[in-house]
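Since the structure comes first, as structure tokens, the remarks are kept for the end.
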Amino acid sequence: MNPHEYAVLHLFHVMGALLLIGFTFYAFAAPAAARKKVMIWTGVGNLLILLTGIRMWQGLYSFSGGWVIVKLVAWLALAAFAGVAFRKREKAGALMWMSVALSFLAVVMVYTKPF
């Protein structure tokens with residue numbers, strides 16, 4: 001993979017992750033009127049993560065590495081939390097801690113690549 005392509009993909013991947021995590025936490029406290037805006041921005045973040053992540057996985061690892069599957073599961077859970085946050089207000093505290101734990105797990109998988 002071209003180093004310039006990797007740099008751009010990595011930048012957009014991190015931007016997507018920040019968008020997703022930021023708007024997911026905003027969803028836990030946002031009024032119901034902000035639902036549409038939150039869903040749009042979490043969708044944009046999810047799309048950025050999906051497209052750039054799959055391309056980097058293909059270009060750098062040729063679709064190998066079980067640690068990526070752990071990241072995908074964590075990403076899918078985080079993708080769902082913003083929508084759940086508007087329907088399950090009473091579980092916001094637990095969902096926030098799960099979001100932090102899944103985000104931490106995803107970052108650990110990137111830097112350790114255990115399997």
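To be explicit about the labels: the chains of the structure tokens are called A, B, and onward in the order shown, and within each one the residues are counted from 1, while ligands get numbers from 1 in the order they are shown.
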Residues of stretch 55-79 of chain A that have any atom at most 12 Å from an atom of stretch 1-25 of chain A: could you tabulate them with the shortest-distance atom pair and the distance in Å to one decimal, using only C-alpha atoms, ordered by chain and increasing number, as a tab-separated table?
residue	atom	partner	partner_atom	distance
A:Arg55	CA	A:Leu9	CA	8.1
A:Met56	CA	A:Tyr6	CA	7.1
A:Trp57	CA	A:Met1	CA	10.6
A:Gln58	CA	A:Met1	CA	9.3
A:Gly59	CA	A:Met1	CA	5.5
A:Leu60	CA	A:Met1	CA	6.7
A:Tyr61	CA	A:Met1	CA	10.2
A:Ser62	CA	A:Met1	CA	10.7
A:Lys71	CA	A:Ala17	CA	11.9
A:Ala74	CA	A:Ala17	CA	11.6
A:Trp75	CA	A:Ala17	CA	9.0
A:Leu76	CA	A:Leu20	CA	11.1
A:Ala77	CA	A:Thr24	CA	11.1
A:Leu78	CA	A:Ile21	CA	7.7
A:Ala79	CA	A:Leu20	CA	7.4
Could you write those residues out with C-alpha atoms, as a PDB file, in the first residue's frame?
ATOM      1  CA  ARG A  55      -9.259  -1.030   2.774  1.00  0.00           C
ATOM      2  CA  MET A  56      -6.440  -0.845   5.333  1.00  0.00           C
ATOM      3  CA  TRP A  57      -7.111  -4.442   6.424  1.00  0.00           C
ATOM      4  CA  GLN A  58      -6.899  -5.573   2.803  1.00  0.00           C
ATOM      5  CA  GLY A  59      -3.864  -3.481   1.919  1.00  0.00           C
ATOM      6  CA  LEU A  60      -1.772  -4.099   5.009  1.00  0.00           C
ATOM      7  CA  TYR A  61      -2.801  -7.563   6.204  1.00  0.00           C
ATOM      8  CA  SER A  62      -4.433  -9.240   3.166  1.00  0.00           C
ATOM      9  CA  LYS A  71     -12.458  -4.762  16.307  1.00  0.00           C
ATOM     10  CA  ALA A  74     -16.641  -3.714  18.938  1.00  0.00           C
ATOM     11  CA  TRP A  75     -17.391  -1.340  16.054  1.00  0.00           C
ATOM     12  CA  LEU A  76     -20.795  -2.927  15.392  1.00  0.00           C
ATOM     13  CA  ALA A  77     -21.713  -2.614  19.071  1.00  0.00           C
ATOM     14  CA  LEU A  78     -20.651   1.042  19.147  1.00  0.00           C
ATOM     15  CA  ALA A  79     -22.609   1.649  15.965  1.00  0.00           C
TER      16      ALA A  79
END
>> Please extract the residues of chain A with a backbone DSSP assignment of alpha helix (DSSP H) and present them as a PyMOL selection string.
In response: chain A and resi 3-29+35-61+67-87+92-112
> Could you pull the residues within 7 Å of stretch 26-37 of chain A, counting only C-alpha atoms, minus those fewer than 4 positions along the same chain, as a list in words?
Replying inline: Gly22, Trp41, Ala82, Ala85, Phe86 and Ala92 of chain A
Would you mind exporting N, CA, C and O atoms of the selected residues as a compact mmCIF listing (two decimals), in the first residue's frame?
# COMPACT_ATOMS: atom_id res chain seq x y z
N GLY A 22 -17.83 10.47 19.75
CA GLY A 22 -18.34 11.75 20.24
C GLY A 22 -19.85 11.86 20.15
O GLY A 22 -20.53 12.23 21.12
N TRP A 41 -24.79 11.89 11.88
CA TRP A 41 -23.36 11.97 12.13
C TRP A 41 -22.76 10.65 12.59
O TRP A 41 -21.62 10.34 12.24
N ALA A 82 -25.72 4.39 19.70
CA ALA A 82 -26.34 5.71 19.54
C ALA A 82 -27.85 5.57 19.36
O ALA A 82 -28.62 6.34 19.94
N ALA A 85 -29.38 4.51 22.68
CA ALA A 85 -29.33 5.56 23.70
C ALA A 85 -30.61 6.39 23.75
O ALA A 85 -31.02 6.85 24.81
N PHE A 86 -31.26 6.59 22.61
CA PHE A 86 -32.48 7.38 22.58
C PHE A 86 -33.68 6.59 23.09
O PHE A 86 -34.65 7.17 23.55
N ALA A 92 -28.45 4.47 30.27
CA ALA A 92 -27.39 5.30 29.69
C ALA A 92 -26.06 5.10 30.39
O ALA A 92 -25.01 5.03 29.74
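Using only C-alpha atoms, the contacts of A:Ala94 at a cut-off of 12 Å, with sequence neighbours closer than 5 positions omitted, comprise Phe25, Phe28, Phe81, Val84, Ala85, Lys88, Arg89, Ser99, Val100 and Ala101 of chain A.
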Grab the residues selected above and save them as a compact mmCIF listing (two decimals), in the first residue's frame with all heavy atoms.
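selection_11.txt written:
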# COMPACT_ATOMS: atom_id res chain seq x y z
N PHE A 25 -21.70 9.49 22.62
CA PHE A 25 -21.83 10.03 23.98
C PHE A 25 -22.79 11.20 24.01
O PHE A 25 -23.49 11.40 25.00
CB PHE A 25 -20.46 10.41 24.53
CG PHE A 25 -19.75 9.24 25.14
CD1 PHE A 25 -18.87 8.49 24.40
CD2 PHE A 25 -20.00 8.87 26.45
CE1 PHE A 25 -18.23 7.40 24.94
CE2 PHE A 25 -19.38 7.77 27.01
CZ PHE A 25 -18.49 7.03 26.26
N PHE A 28 -26.37 10.03 24.51
CA PHE A 28 -26.79 9.66 25.86
C PHE A 28 -27.42 10.83 26.62
O PHE A 28 -28.21 10.61 27.53
CB PHE A 28 -25.62 9.11 26.67
CG PHE A 28 -25.12 7.79 26.16
CD1 PHE A 28 -23.79 7.63 25.81
CD2 PHE A 28 -25.96 6.71 26.02
CE1 PHE A 28 -23.32 6.42 25.34
CE2 PHE A 28 -25.51 5.50 25.54
CZ PHE A 28 -24.19 5.36 25.20
N PHE A 81 -25.07 1.62 19.66
CA PHE A 81 -25.33 2.31 20.92
C PHE A 81 -26.01 3.66 20.77
O PHE A 81 -26.79 4.07 21.62
CB PHE A 81 -24.05 2.47 21.73
CG PHE A 81 -23.60 1.21 22.41
CD1 PHE A 81 -22.36 1.14 23.00
CD2 PHE A 81 -24.41 0.10 22.48
CE1 PHE A 81 -21.94 -0.02 23.63
CE2 PHE A 81 -24.02 -1.06 23.10
CZ PHE A 81 -22.77 -1.12 23.68
N VAL A 84 -29.70 3.03 20.40
CA VAL A 84 -30.24 2.48 21.64
C VAL A 84 -30.32 3.57 22.71
O VAL A 84 -31.23 3.56 23.54
CB VAL A 84 -29.38 1.29 22.12
CG1 VAL A 84 -29.80 0.82 23.49
CG2 VAL A 84 -29.44 0.15 21.13
N ALA A 85 -29.38 4.51 22.68
CA ALA A 85 -29.33 5.56 23.70
C ALA A 85 -30.61 6.39 23.75
O ALA A 85 -31.02 6.85 24.81
CB ALA A 85 -28.13 6.47 23.46
N LYS A 88 -33.45 3.79 25.33
CA LYS A 88 -33.22 3.24 26.66
C LYS A 88 -32.48 4.25 27.54
O LYS A 88 -31.35 4.04 27.95
CB LYS A 88 -32.38 1.95 26.56
CG LYS A 88 -32.94 0.90 25.66
CD LYS A 88 -34.00 0.11 26.36
CE LYS A 88 -34.44 -1.02 25.46
NZ LYS A 88 -35.43 -1.84 26.04
N ARG A 89 -33.12 5.34 27.85
CA ARG A 89 -32.51 6.40 28.65
C ARG A 89 -32.09 5.91 30.04
O ARG A 89 -31.12 6.38 30.60
CB ARG A 89 -33.46 7.58 28.81
CG ARG A 89 -33.72 8.33 27.55
CD ARG A 89 -32.52 9.11 27.16
NE ARG A 89 -32.83 9.91 25.98
CZ ARG A 89 -31.97 10.67 25.40
NH1 ARG A 89 -30.75 10.77 25.87
NH2 ARG A 89 -32.29 11.35 24.33
N SER A 99 -19.41 1.53 26.12
CA SER A 99 -18.79 2.26 25.02
C SER A 99 -17.32 2.52 25.30
O SER A 99 -16.47 2.35 24.42
CB SER A 99 -19.50 3.59 24.78
OG SER A 99 -20.82 3.40 24.39
N VAL A 100 -17.02 2.93 26.51
CA VAL A 100 -15.63 3.17 26.89
C VAL A 100 -14.84 1.86 26.81
O VAL A 100 -13.73 1.83 26.27
CB VAL A 100 -15.55 3.78 28.31
CG1 VAL A 100 -14.12 3.79 28.82
CG2 VAL A 100 -16.12 5.18 28.32
N ALA A 101 -15.40 0.79 27.34
CA ALA A 101 -14.70 -0.50 27.34
C ALA A 101 -14.47 -1.01 25.92
O ALA A 101 -13.38 -1.49 25.59
CB ALA A 101 -15.50 -1.52 28.14
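With atom CA of A:Ile54 on one side and atom CA of A:Ala106 on the other, the separation reads 14.7 Å.
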> Hey, what's within 12 Å of A:Phe115 if we count only C-alpha atoms and toss same-chain stuff fewer than 3 positions away? As a list in words, please?
Replying inline: Ser64, Gly65, Gly66, Trp67, Val68, Ile69, Val70, Met109, Val110, Tyr111 and Thr112 of chain A
